[in-house]
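Colleague: Have a peek at entry_7.cif (mmCIF, C-alpha atoms).
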data_protein
#
loop_
_atom_site.label_atom_id
_atom_site.label_comp_id
_atom_site.auth_asym_id
_atom_site.auth_seq_id
_atom_site.Cartn_x
_atom_site.Cartn_y
_atom_site.Cartn_z
CA ALA A 279 10.40 9.31 2.95
CA THR A 280 11.08 6.47 0.52
CA ALA A 281 8.10 5.51 -1.65
CA GLY A 282 5.86 3.05 0.20
CA ARG A 283 7.72 3.51 3.51
CA PRO A 284 5.84 5.13 6.43
CA ALA A 285 6.44 8.87 6.31
CA ASP A 286 9.02 9.23 9.05
CA GLU A 287 12.29 11.08 8.58
CA GLU A 288 15.45 9.22 7.71
CA VAL A 289 18.67 10.74 9.04
CA SER A 290 22.04 9.65 7.73
CA SER A 291 25.42 10.24 9.33
CA ASP A 292 27.22 10.09 6.00
CA SER A 293 24.95 12.03 3.64
CA GLU A 294 26.75 14.88 1.90
CA THR A 295 23.72 17.14 1.77
CA GLU A 296 21.60 18.17 4.69
CA SER A 297 17.89 18.90 4.66
CA PRO A 298 16.76 22.58 4.67
CA LEU A 299 15.03 21.93 8.02
CA LEU A 300 18.19 20.51 9.59
CA GLY A 301 20.25 23.34 8.11
CA ARG A 302 17.86 25.92 9.61
CA ARG A 303 18.00 24.17 13.00
CA ARG A 304 21.79 24.24 12.94
CA ARG A 305 21.87 27.94 11.99
CA GLU A 306 19.43 28.73 14.79
CA ALA A 307 21.53 26.68 17.23
CA ALA A 308 24.67 28.50 16.08
CA GLU A 309 22.97 31.89 16.59
CA GLU A 310 21.87 30.83 20.07
CA GLU A 311 25.43 29.77 20.90
CA VAL A 312 26.74 33.21 19.88
CA GLU A 313 24.20 34.97 22.08
CA GLU A 314 24.74 32.68 25.12
CA THR A 315 28.10 32.35 26.87
CA PRO A 316 29.13 28.98 28.41
CA GLN A 317 28.55 30.41 31.91
CA GLU A 318 25.06 31.61 30.94
CA LYS A 319 24.27 28.21 29.45
CA LYS A 320 25.39 26.43 32.65
CA LEU A 321 23.26 28.78 34.75
CA ARG A 322 20.22 28.26 32.49
CA LEU A 323 20.57 24.46 32.58
CA ALA A 324 21.07 24.49 36.37
CA LYS A 325 17.91 26.56 36.86
CA GLN A 326 16.01 24.25 34.53
CA TYR A 327 17.26 21.18 36.44
CA LEU A 328 16.32 22.68 39.84
CA GLU A 329 12.85 23.58 38.55
CA GLU A 330 12.32 20.01 37.30
CA LEU A 331 13.52 18.67 40.67
CA ARG A 332 11.22 21.05 42.54
CA GLN A 333 8.18 19.93 40.57
CA LEU A 334 9.07 16.26 40.97
CA GLU A 335 9.68 16.50 44.71
CA GLU A 336 6.55 18.59 45.30
CA GLU A 337 4.54 15.78 43.74
CA ARG A 338 6.27 13.29 46.04
CA ALA A 339 5.76 15.57 49.04
CA GLU A 340 2.01 15.49 48.47
CA GLU A 341 2.21 11.73 49.00
CA GLU A 342 4.75 11.93 51.85
CA GLU A 343 3.57 14.92 53.88
CA GLU A 344 6.08 14.45 56.70
CA LEU A 345 8.90 15.99 54.63
CA GLU A 346 9.10 19.51 53.24
CA PRO A 347 9.83 19.84 49.48
CA ALA A 348 12.99 21.85 50.29
CA ASP A 349 14.36 18.93 52.33
CA LEU A 350 13.55 16.51 49.53
CA ILE A 351 15.32 18.68 46.95
CA GLY A 352 18.37 18.99 49.22
CA ASP A 353 18.53 15.24 49.76
CA ARG A 354 18.10 14.61 46.04
CA LEU A 355 20.93 17.05 45.16
CA LYS A 356 23.25 15.37 47.69
CA GLU A 357 22.40 11.99 46.18
CA ASP A 358 23.10 13.30 42.66
CA VAL A 359 26.51 14.66 43.72
CA LEU A 360 27.46 11.32 45.31
CA GLU A 361 26.23 9.49 42.22
CA GLN A 362 28.36 11.68 39.92
CA LYS A 363 31.43 10.93 42.04
CA GLY A 364 30.70 7.21 42.10
CA ARG A 365 30.37 7.26 45.89
CA LEU A 366 26.69 6.45 46.18
CA GLN A 367 26.73 2.74 46.90
CA ARG A 368 23.69 0.89 48.17
CA LEU A 369 24.87 -2.25 49.94
CA VAL A 370 22.13 -4.67 48.99
CA ALA A 371 23.95 -7.81 47.78
CA LYS A 372 24.39 -9.42 51.20
CA ASP A 373 20.62 -9.38 51.80
CA VAL A 374 19.44 -10.92 48.52
CA GLN A 375 17.59 -14.22 48.97
CA PRO A 376 17.47 -17.10 46.44
CA PRO A 377 14.25 -16.63 44.42
CA ASP A 378 11.52 -19.26 44.49
CA PRO A 379 11.66 -20.98 41.03
CA ALA A 380 7.85 -21.18 41.07
CA ARG A 381 7.68 -17.36 41.24
CA ILE A 382 9.77 -16.84 38.08
CA HIS A 383 7.39 -15.45 35.47
CA VAL A 384 8.04 -16.73 31.90
CA LEU A 385 6.68 -14.61 29.04
CA ARG A 386 6.51 -15.96 25.49
CA GLY A 387 5.85 -14.18 22.22
CA HIS A 388 9.01 -14.05 20.11
CA GLN A 389 9.40 -16.88 17.58
CA LEU A 390 13.22 -16.75 17.57
CA PRO A 391 15.78 -16.09 20.37
CA VAL A 392 15.33 -12.94 22.45
CA THR A 393 18.43 -10.82 21.79
CA CYS A 394 17.90 -7.70 23.91
CA LEU A 395 15.51 -6.10 26.37
CA ILE A 396 15.11 -2.93 28.38
CA ILE A 397 12.97 -1.92 31.38
CA SER A 398 11.17 1.43 31.39
CA PRO A 399 12.56 3.97 33.93
CA ASP A 400 9.43 3.65 36.10
CA ASP A 401 9.85 -0.19 36.20
CA ARG A 402 6.32 -0.67 34.81
CA PHE A 403 7.08 -2.06 31.37
CA ILE A 404 9.54 -4.32 29.59
CA PHE A 405 10.46 -3.91 25.93
CA SER A 406 12.13 -6.81 24.11
CA ALA A 407 13.34 -7.70 20.63
CA SER A 408 14.43 -10.80 18.82
CA LYS A 409 16.23 -12.45 15.92
CA ASP A 410 12.85 -12.58 14.20
CA GLY A 411 12.96 -8.78 13.92
CA SER A 412 9.93 -8.33 16.17
CA LEU A 413 9.66 -5.69 18.86
CA ILE A 414 7.22 -6.57 21.63
CA LYS A 415 6.54 -3.35 23.31
CA CYS A 416 7.32 -5.69 25.53
CA LYS A 417 5.22 -3.34 27.26
CA TRP A 418 4.65 -6.67 28.71
CA GLU A 419 3.10 -5.13 31.77
CA VAL A 420 5.23 -6.46 34.59
CA ASP A 421 2.38 -7.35 36.96
CA SER A 422 0.24 -9.23 34.46
CA GLY A 423 2.59 -10.16 31.63
CA LYS A 424 0.10 -8.56 29.24
CA ARG A 425 1.41 -7.61 25.81
CA LEU A 426 0.38 -4.04 25.05
CA CYS A 427 2.01 -3.68 21.65
CA VAL A 428 3.67 -5.93 19.09
CA VAL A 429 5.61 -4.71 16.05
CA PRO A 430 6.20 -7.83 13.94
CA GLY A 431 9.45 -8.40 12.11
CA GLY A 432 9.47 -8.23 8.32
CA LYS A 433 11.09 -10.54 5.81
CA LYS A 434 14.48 -9.68 4.33
CA GLY A 435 14.03 -7.27 1.44
CA THR A 436 10.81 -5.71 2.78
CA GLU A 437 12.60 -2.80 4.51
CA GLU A 438 11.05 -0.26 2.12
CA ARG A 439 7.44 -0.97 3.10
CA HIS A 440 7.64 -2.56 6.54
CA MET A 441 7.15 -0.51 9.72
CA GLY A 442 9.59 -2.51 11.85
CA HIS A 443 12.90 -4.31 11.49
CA ALA A 444 13.53 -6.81 8.69
CA SER A 445 16.63 -8.38 10.27
CA HIS A 446 17.91 -9.44 13.71
CA VAL A 447 17.46 -6.70 16.32
CA LEU A 448 20.66 -6.70 18.41
CA CYS A 449 20.29 -3.83 20.89
CA MET A 450 17.87 -1.33 22.37
CA ALA A 451 17.81 1.66 24.74
CA ILE A 452 15.19 3.92 26.34
CA SER A 453 15.63 7.58 27.32
CA SER A 454 15.59 8.33 31.06
CA ASP A 455 12.31 10.26 30.73
CA GLY A 456 10.73 7.23 29.05
CA LYS A 457 9.87 9.21 25.89
CA TYR A 458 12.04 7.57 23.21
CA LEU A 459 12.92 3.96 22.49
CA ALA A 460 15.85 3.19 20.16
CA THR A 461 16.48 -0.18 18.47
CA GLY A 462 19.43 -1.29 16.32
CA ASP A 463 19.63 -4.18 13.87
CA ARG A 464 21.99 -6.36 11.85
CA ASN A 465 21.00 -4.43 8.72
CA LYS A 466 22.84 -1.25 9.96
CA LEU A 467 19.62 0.62 10.88
CA ILE A 468 18.71 2.48 14.08
CA MET A 469 14.99 3.05 14.57
CA ILE A 470 13.58 5.62 16.98
CA TRP A 471 10.13 4.94 18.46
CA ASP A 472 7.63 6.76 20.63
CA ALA A 473 7.83 4.51 23.69
CA ALA A 474 4.24 5.24 24.73
CA THR A 475 2.58 4.35 21.42
CA CYS A 476 5.20 2.21 19.63
CA LYS A 477 4.92 4.51 16.62
CA ARG A 478 8.14 4.74 14.62
CA LEU A 479 9.44 8.31 14.48
CA HIS A 480 12.81 8.25 12.68
CA ILE A 481 15.37 6.00 11.03
CA PHE A 482 19.07 6.77 11.52
CA THR A 483 21.49 5.43 8.90
CA GLY A 484 25.24 5.73 8.50
CA HIS A 485 26.72 2.72 10.27
CA ARG A 486 28.38 0.39 7.76
CA ASP A 487 27.73 -2.84 9.64
CA ALA A 488 25.41 -4.30 12.30
CA VAL A 489 24.38 -1.91 15.10
CA SER A 490 25.43 -3.72 18.29
CA GLY A 491 25.06 -1.20 21.13
CA LEU A 492 22.76 1.71 22.04
CA SER A 493 22.50 3.94 25.09
CA PHE A 494 20.84 7.26 25.90
CA ARG A 495 22.85 9.65 28.03
CA LYS A 496 20.92 9.95 31.30
CA GLY A 497 18.81 13.12 31.59
CA THR A 498 19.10 13.91 27.86
CA HIS A 499 17.97 12.75 24.42
CA GLN A 500 21.59 12.28 23.29
CA LEU A 501 21.98 8.76 21.89
CA TYR A 502 25.25 6.80 21.54
CA SER A 503 25.43 3.93 19.07
CA ALA A 504 28.12 1.29 18.47
CA SER A 505 28.57 -1.05 15.55
CA HIS A 506 30.49 -3.95 14.09
CA ASP A 507 31.99 -1.26 11.81
CA ARG A 508 34.19 -0.43 14.86
CA CYS A 509 32.95 3.13 15.39
CA VAL A 510 30.77 5.00 17.89
CA LYS A 511 28.27 7.57 16.65
CA VAL A 512 26.48 10.33 18.57
CA TRP A 513 22.92 11.43 17.70
CA ASP A 514 20.51 14.07 19.01
CA VAL A 515 17.18 12.26 18.98
CA GLY A 516 15.17 15.30 20.10
CA GLU A 517 16.52 17.31 17.15
CA ASN A 518 16.49 14.27 14.82
CA ALA A 519 20.15 14.96 13.97
CA TYR A 520 23.50 13.22 13.58
CA VAL A 521 26.26 14.78 15.71
CA GLU A 522 29.62 13.00 15.25
CA THR A 523 31.56 9.76 14.74
CA LEU A 524 34.43 8.41 16.90
CA PHE A 525 36.98 5.75 15.88
CA GLY A 526 39.42 3.62 17.86
CA HIS A 527 38.50 -0.06 18.23
CA GLN A 528 40.41 -2.59 16.12
CA ASP A 529 37.59 -5.17 16.06
CA VAL A 530 33.78 -5.19 16.14
CA ILE A 531 32.18 -3.36 19.07
CA THR A 532 29.93 -5.80 20.95
CA GLY A 533 28.39 -3.59 23.65
CA LEU A 534 28.00 0.00 24.87
CA ASP A 535 26.71 1.79 27.98
CA SER A 536 26.50 5.32 29.41
CA LEU A 537 25.19 7.27 32.42
CA SER A 538 24.98 11.02 33.15
CA ARG A 539 28.41 12.18 32.04
CA GLU A 540 29.08 13.09 28.42
CA CYS A 541 30.94 9.84 27.79
CA CYS A 542 30.25 6.18 27.09
CA VAL A 543 32.03 2.83 27.51
CA THR A 544 32.37 0.09 24.90
CA ALA A 545 33.54 -3.53 24.65
CA GLY A 546 35.76 -4.18 21.63
CA GLY A 547 35.34 -7.88 20.97
CA ARG A 548 38.58 -9.55 19.93
CA ASP A 549 40.72 -6.43 20.14
CA GLY A 550 40.69 -7.28 23.86
CA THR A 551 39.96 -3.74 25.06
CA VAL A 552 37.30 -1.83 26.91
CA ARG A 553 37.23 1.87 26.07
CA LEU A 554 35.92 5.01 27.74
CA TRP A 555 35.01 7.66 25.16
CA LYS A 556 35.10 11.30 26.27
CA ILE A 557 32.72 12.83 23.75
CA PRO A 558 33.51 16.60 24.00
CA GLU A 559 37.27 15.99 23.87
CA GLU A 560 36.92 13.28 21.18
CA SER A 561 39.42 11.24 23.19
CA GLN A 562 39.42 7.75 24.70
CA LEU A 563 40.92 5.73 27.55
CA VAL A 564 41.89 2.11 26.81
CA PHE A 565 41.53 -0.74 29.35
CA SER A 566 42.73 -4.33 28.94
CA GLY A 567 42.63 -7.50 31.04
CA HIS A 568 40.44 -10.17 29.39
CA GLN A 569 42.08 -12.97 27.38
CA GLY A 570 39.16 -13.57 24.99
CA SER A 571 36.57 -11.61 23.05
CA ILE A 572 34.82 -9.07 25.29
CA ASP A 573 31.11 -9.60 24.63
CA CYS A 574 29.22 -7.43 27.14
CA ILE A 575 29.68 -4.38 29.34
CA GLN A 576 27.73 -2.23 31.79
CA LEU A 577 28.47 0.74 34.05
CA ILE A 578 27.82 0.16 37.77
CA ASN A 579 28.13 3.86 38.61
CA GLU A 580 29.97 6.86 37.17
CA GLU A 581 33.36 5.45 38.27
CA HIS A 582 33.10 1.65 37.89
CA MET A 583 31.99 -0.89 35.28
CA VAL A 584 31.72 -4.63 34.72
CA SER A 585 32.44 -6.68 31.59
CA GLY A 586 32.26 -10.32 30.49
CA ALA A 587 34.18 -12.27 27.85
CA ASP A 588 34.05 -15.54 25.90
CA ASP A 589 37.03 -16.83 27.93
CA GLY A 590 34.55 -17.07 30.82
CA SER A 591 36.05 -14.19 32.77
CA LEU A 592 34.14 -11.45 34.58
CA ALA A 593 36.02 -8.18 35.23
CA LEU A 594 35.41 -5.23 37.55
CA TRP A 595 36.99 -1.95 36.45
CA GLY A 596 37.63 1.47 37.94
CA LEU A 597 37.78 4.24 35.36
CA THR A 598 41.10 5.47 36.76
CA LYS A 599 42.94 2.11 36.37
CA LYS A 600 43.83 0.48 33.06
CA LYS A 601 43.71 -3.07 34.49
CA PRO A 602 40.75 -4.76 36.23
CA LEU A 603 40.30 -4.14 39.96
CA ALA A 604 38.95 -7.70 40.25
CA LEU A 605 38.76 -10.64 37.85
CA ALA A 606 36.77 -13.88 38.22
CA ARG A 607 38.05 -16.49 35.77
CA GLN A 608 35.69 -19.21 34.49
CA ALA A 609 32.87 -17.44 36.29
CA HIS A 610 30.28 -19.94 34.97
CA GLY A 611 32.53 -23.01 35.05
CA GLU A 612 33.60 -25.22 32.14
CA GLN A 613 31.84 -27.24 29.43
CA ASP A 614 32.93 -30.28 27.46
CA ALA A 615 32.81 -29.10 23.83
CA LEU A 616 33.94 -31.67 21.23
CA GLY A 617 36.11 -33.41 23.80
CA LEU A 618 37.76 -30.15 24.93
CA GLN A 619 37.23 -28.41 28.25
CA GLN A 620 36.23 -24.83 27.51
CA PRO A 621 34.86 -22.12 29.78
CA TYR A 622 31.22 -21.09 29.38
CA TRP A 623 31.05 -17.72 27.60
CA ILE A 624 29.76 -14.76 29.58
CA SER A 625 27.01 -13.57 27.23
CA ALA A 626 25.30 -10.94 29.43
CA VAL A 627 26.12 -8.78 32.47
CA ALA A 628 23.89 -6.50 34.53
CA ALA A 629 24.54 -4.15 37.42
CA LEU A 630 22.01 -2.72 39.84
CA ARG A 631 23.01 0.94 39.44
CA ASN A 632 24.93 2.47 42.34
CA SER A 633 24.95 -0.77 44.32
CA ASP A 634 27.20 -3.77 44.97
CA LEU A 635 24.94 -6.29 43.16
CA LEU A 636 25.78 -7.84 39.76
CA ALA A 637 24.27 -10.57 37.57
CA THR A 638 25.87 -12.64 34.80
CA GLY A 639 24.41 -14.93 32.15
CA SER A 640 25.79 -17.70 29.95
CA HIS A 641 24.40 -20.98 28.55
CA SER A 642 25.56 -22.89 31.62
CA GLY A 643 22.03 -23.47 32.94
CA SER A 644 21.93 -20.62 35.44
CA VAL A 645 22.10 -16.88 36.00
CA LYS A 646 24.61 -16.01 38.72
CA LEU A 647 24.40 -13.15 41.23
CA TRP A 648 27.61 -11.54 42.53
CA LYS A 649 28.62 -9.14 45.24
CA CYS A 650 31.24 -6.43 44.64
CA GLY A 651 33.61 -6.32 47.61
CA GLU A 652 34.78 -3.14 49.32
CA GLY A 653 36.36 -0.70 46.88
CA PHE A 654 35.21 -2.92 43.98
CA ARG A 655 38.39 -4.96 44.48
CA LYS A 656 36.73 -8.34 45.00
CA LEU A 657 34.03 -10.43 43.30
CA GLU A 658 32.07 -12.79 45.54
CA HIS A 659 29.64 -15.35 44.09
CA LEU A 660 26.29 -15.19 45.90
CA LEU A 661 23.83 -17.64 44.33
CA ASP A 662 22.65 -19.37 41.16
CA ILE A 663 19.21 -18.99 39.53
CA PRO A 664 18.44 -22.01 37.28
CA LEU A 665 17.57 -20.96 33.69
CA VAL A 666 17.90 -23.13 30.57
CA GLY A 667 19.15 -21.52 27.35
CA PHE A 668 21.44 -18.74 26.20
CA VAL A 669 21.06 -15.71 28.45
CA ASN A 670 21.37 -12.98 25.80
CA SER A 671 20.33 -9.99 27.92
CA LEU A 672 19.99 -9.14 31.61
CA LYS A 673 18.53 -6.05 33.28
CA PHE A 674 17.77 -5.14 36.92
CA SER A 675 14.72 -3.03 37.69
CA ALA A 676 15.64 0.43 39.00
CA ALA A 677 14.22 -0.55 42.40
CA GLY A 678 16.22 -3.79 42.45
CA ASP A 679 13.14 -5.89 43.23
CA PHE A 680 13.32 -7.97 40.05
CA LEU A 681 15.77 -9.12 37.39
CA VAL A 682 14.74 -9.74 33.77
CA ALA A 683 16.53 -12.23 31.49
CA GLY A 684 16.16 -12.54 27.71
CA ILE A 685 16.52 -16.23 26.80
CA GLY A 686 17.18 -17.88 23.45
CA GLN A 687 17.93 -21.31 22.04
CA GLU A 688 20.92 -19.63 20.36
CA HIS A 689 23.46 -16.91 21.18
CA ARG A 690 22.30 -13.45 20.08
CA LEU A 691 25.18 -13.02 17.60
CA GLY A 692 25.46 -16.47 16.03
CA ARG A 693 24.35 -20.09 15.68
CA TRP A 694 27.38 -21.92 17.11
CA TRP A 695 25.21 -24.09 19.39
CA ARG A 696 21.51 -24.70 19.81
CA ILE A 697 19.85 -25.68 23.09
CA LYS A 698 16.65 -27.39 21.93
CA GLU A 699 15.05 -27.66 25.36
CA ALA A 700 15.33 -23.87 25.91
CA LYS A 701 12.35 -21.58 25.29
CA ASN A 702 12.73 -18.26 23.45
CA SER A 703 11.30 -16.15 26.24
CA ILE A 704 11.61 -13.43 28.85
CA CYS A 705 12.01 -14.50 32.47
CA ILE A 706 11.05 -12.08 35.25
CA ILE A 707 12.89 -13.12 38.42
CA PRO A 708 11.64 -11.57 41.71
CA LEU A 709 14.43 -10.65 44.13
CA LYS A 710 13.60 -10.77 47.84
CA GLN A 711 15.78 -9.36 50.60
CA LYS A 712 16.23 -10.37 54.23
CA THR A 713 13.74 -8.44 56.33
CA THR A 714 16.35 -8.01 59.07
CA ALA A 715 18.30 -5.52 56.92
CA SER A 716 16.73 -2.11 57.31
CA SER A 717 19.78 0.15 57.42
CA PRO A 718 19.72 3.41 55.40
CA GLU A 719 22.45 2.08 53.10
CA SER A 720 20.51 -1.04 52.23
CA PRO A 721 17.07 0.01 50.96
CA GLY A 722 15.04 -3.13 50.43
CA SER A 723 12.79 -1.35 47.96
CA SER A 724 14.84 1.72 47.05
#
Could you render the structure as structure tokens?

Modeller:
Amino acid sequence: ATAGRPADEEVSSDSETESPLLGRRRREAAEEEVEETPQEKKLRLAKQYLEELRQLEEERAEEEEELEPADLIGDRLKEDVLEQKGRLQRLVAKDVQPPDPARIHVLRGHQLPVTCLIISPDDRFIFSASKDGSLIKCKWEVDSGKRLCVVPGGKKGTEERHMGHASHVLCMAISSDGKYLATGDRNKLIMIWDAATCKRLHIFTGHRDAVSGLSFRKGTHQLYSASHDRCVKVWDVGENAYVETLFGHQDVITGLDSLSRECCVTAGGRDGTVRLWKIPEESQLVFSGHQGSIDCIQLINEEHMVSGADDGSLALWGLTKKKPLALARQAHGEQDALGLQQPYWISAVAALRNSDLLATGSHSGSVKLWKCGEGFRKLEHLLDIPLVGFVNSLKFSAAGDFLVAGIGQEHRLGRWWRIKEAKNSICIIPLKQKTTASSPESPGSS
């Protein structure tokens, strides 16, 4: 650890020498690989997965005695297979009701614009970060809005002695078991935190520009990071190790997402492409269709994704087609900027995983909800939720019963405009569904 800095390990992706501990771990891993064939490894991981499922479903069965654990495990495995194939689609969009504005919960705490947020896998807590460098373990508890932990931002130049970030935090991710939180900043640093205590565990260095996207691969502690330096890096957070670097984008990467497969998707800003990175093969698929800079991206399921651009367009993609399956132009309408009619930028997108419900944000005065048509070949506007300010981040709860928006007076990446009447805040928007819809495909509280 650097003198004066809290004694957590710093891992670099471009250091020429490796620590004795890391070297020993790699030798041990290499020895294990020699002793274990690929088939044996698959069998071991499958047994481990089934055992975890069994324990989880037994706990649920104690609460829901009408079903046997075996039935629960079988149903869960079927659901996982459908999810992997992108065929698990919960049709919930048609039943979503306009939220009551009086029920929207506004949480304050950050001094400068909120740039990113994430919801814990159990939907109990929200973590957020800001241009002021602060991290509010935004364990804002969802029910009460209570702040459980605040890591203040430090001033520029205090990186050596400050526990948190000393520059704009641009992105964050949480592992699917809720153990690790990762945050990335404009000063090229990735910080790894214990999500339960907000204690900083590691610092990852190696990116040569702002870290703009982070995502944990579902079910693992493998972390993908993207940067304005145009590359994607892979890290093993559990082992505190750098894995590899992938290149391909011709402009800054503005967003990244991943699910269960060993791959991730990225938005490439002004190079006009969305890319799917296949990590083991070190290969990539290139998608194009937007006219402007692609600013945000999220996977809907393992086979489809959604992206938004500064030309105002919203695109739906299938991972087997290089062009969008559906495109909504000027999704948030137009603004009069300096006497010119320009579309409102799409600054945030969110998808309720494995469903047909999407949300988009801009600085147009509202968050919009969308329905994906059959086969993801159509985008249908559902309703508007009034919100003043730049919507810099959007996330659905896993259950789909609320949507969280990170609001700022400025865009998360720049200071092109300032909306004075906006509040730098987090808005928790409850989502109600029609009580008439009770079909198996449309779980109101799934």

Colleague: Do you know which residues lie at most 7 Å from (4.7, -3.4, 12.2), with coordinates as in the file and all atoms listed in the file counted, and could you write them as a list in words?

Modeller: Val429, Pro430, Gly431, His440, Met441 and Gly442 of chain A

Colleague: For each of A:Pro316, A:Ser445, A:Ile470, A:Arg425, take the minimum atom-to-atom distance to Val289 (chain A), counting all atoms listed in the file, then give the residue where this is smallest.

Modeller: A:Ile470

Colleague: Which residue out of A:Ile685, A:Leu618, A:Ser398, A:Pro602 has the minimum interatomic distance to Gly643 (chain A) when only C-alpha atoms are used?

Modeller: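 Ranked by minimum distance to Gly643 (chain A), first place goes to A:Ile685.
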
Colleague: Go through A:Asn632, A:Ser642, A:Gln389, A:Ser591 one by one, measure the shortest atom-to-atom distance of each to Arg607 (chain A) using all atoms listed in the file, and give the residue with the smallest value.

Modeller: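 The answer is A:Ser591, which sits nearest to Arg607 (chain A).
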
Colleague: Tell me, as number ranges by chain, which residues lie within 9 Å of region 528-542 of chain A, counting all atoms listed in the file; anything in the same chain fewer than 5 positions away does not count.

Modeller: A: 362, 449, 489-498, 502-510, 547-550, 553-558, 572-577, 579-580

Colleague: Which one of A:Phe482, A:His568, A:Asp588, A:Thr393 sits closest to Asn670 (chain A) if you count all atoms listed in the file?

Modeller: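 Of A:Phe482, A:His568, A:Asp588, A:Thr393, the one nearest Asn670 (chain A), counting all atoms listed in the file, is A:Thr393.
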
Colleague: Give as a ChimeraX atom specification the residues that the PyMOL selection byres ((chain A and resi 469) around 9) matches when applied to the coordinates above.

Modeller: /A:442-443,459-463,467-468,470-471,478-483

Colleague: Name every residue that the PyMOL selection byres ((chain A and resi 641) around 7) selects in this structure, writing the answer as a list in words with chains first and numbers rising.

Modeller: Tyr622, Ser640, Ser642, Gly643, Gly667, Phe668 and Val669 of chain A

Colleague: If we draw a sphere of 8 Å around (36.6, 8.9, 16.9), which residues have at least one atom in it when counting all atoms listed in the file? Please report them as a PDB file with C-alpha atoms, keeping the file's coordinate frame.

Modeller:
ATOM      1  CA  CYS A 509      32.950   3.130  15.390  1.00  0.00           C
ATOM      2  CA  VAL A 510      30.770   5.000  17.890  1.00  0.00           C
ATOM      3  CA  THR A 523      31.560   9.760  14.740  1.00  0.00           C
ATOM      4  CA  LEU A 524      34.430   8.410  16.900  1.00  0.00           C
ATOM      5  CA  PHE A 525      36.980   5.750  15.880  1.00  0.00           C
ATOM      6  CA  GLY A 526      39.420   3.620  17.860  1.00  0.00           C
ATOM      7  CA  GLU A 560      36.920  13.280  21.180  1.00  0.00           C
ATOM      8  CA  SER A 561      39.420  11.240  23.190  1.00  0.00           C
TER       9      SER A 561
END

Colleague: CA of Val682 (chain A) and CA of Asp662 (chain A) are how many Å apart?

Modeller: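 Taking CA of Val682 (chain A) as the start and CA of Asp662 (chain A) as the end point, the length is 14.5 Å.
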
Colleague: For a test of reading the model, state the distance in Å between CA of Pro391 (chain A) and CA of Val428 (chain A), rounded to one decimal.

Modeller: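 Between CA of Pro391 (chain A) and CA of Val428 (chain A) the gap works out to 15.9 Å.
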
Colleague: Taking into account all atoms listed in the file, which residue in the set A:Ile706, A:Ala380, A:Glu288, A:Cys427 is nearest to Ala519 (chain A)?

Modeller: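 Among the listed residues, A:Glu288 lies closest to Ala519 (chain A).
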
Colleague: Find the residues near Leu630 (chain A): any atom within 8 Å, counting all atoms listed in the file, skip ones fewer than 4 places away on the same chain, and give them as a PyMOL selection string.

Modeller: chain A and resi 578+634-636+674-676+678

Colleague: How many Å lie between CA of Asp410 (chain A) and CA of Arg464 (chain A), rounded to one decimal?

Modeller: 11.3 Å

Colleague: Go through A:Lys649, A:Lys466, A:Lys457, A:Lys599 and flag the residue nearest Pro399 (chain A), using all atoms listed in the file for the distances.

Modeller: A:Lys457

Colleague: Running the PyMOL selection byres ((chain A and resi 700) around 9) on this model by hand, what would come out? Give it as an MDAnalysis selection string.

Modeller: chainID A and resid 665:668 685:688 696:699 701:703

Colleague: Which residues, written as a count of residues only, have at least one atom at most 6 Å from Lys409 (chain A), with all atoms listed in the file counted and residues fewer than 2 positions away on the same chain left out?

Modeller: 5
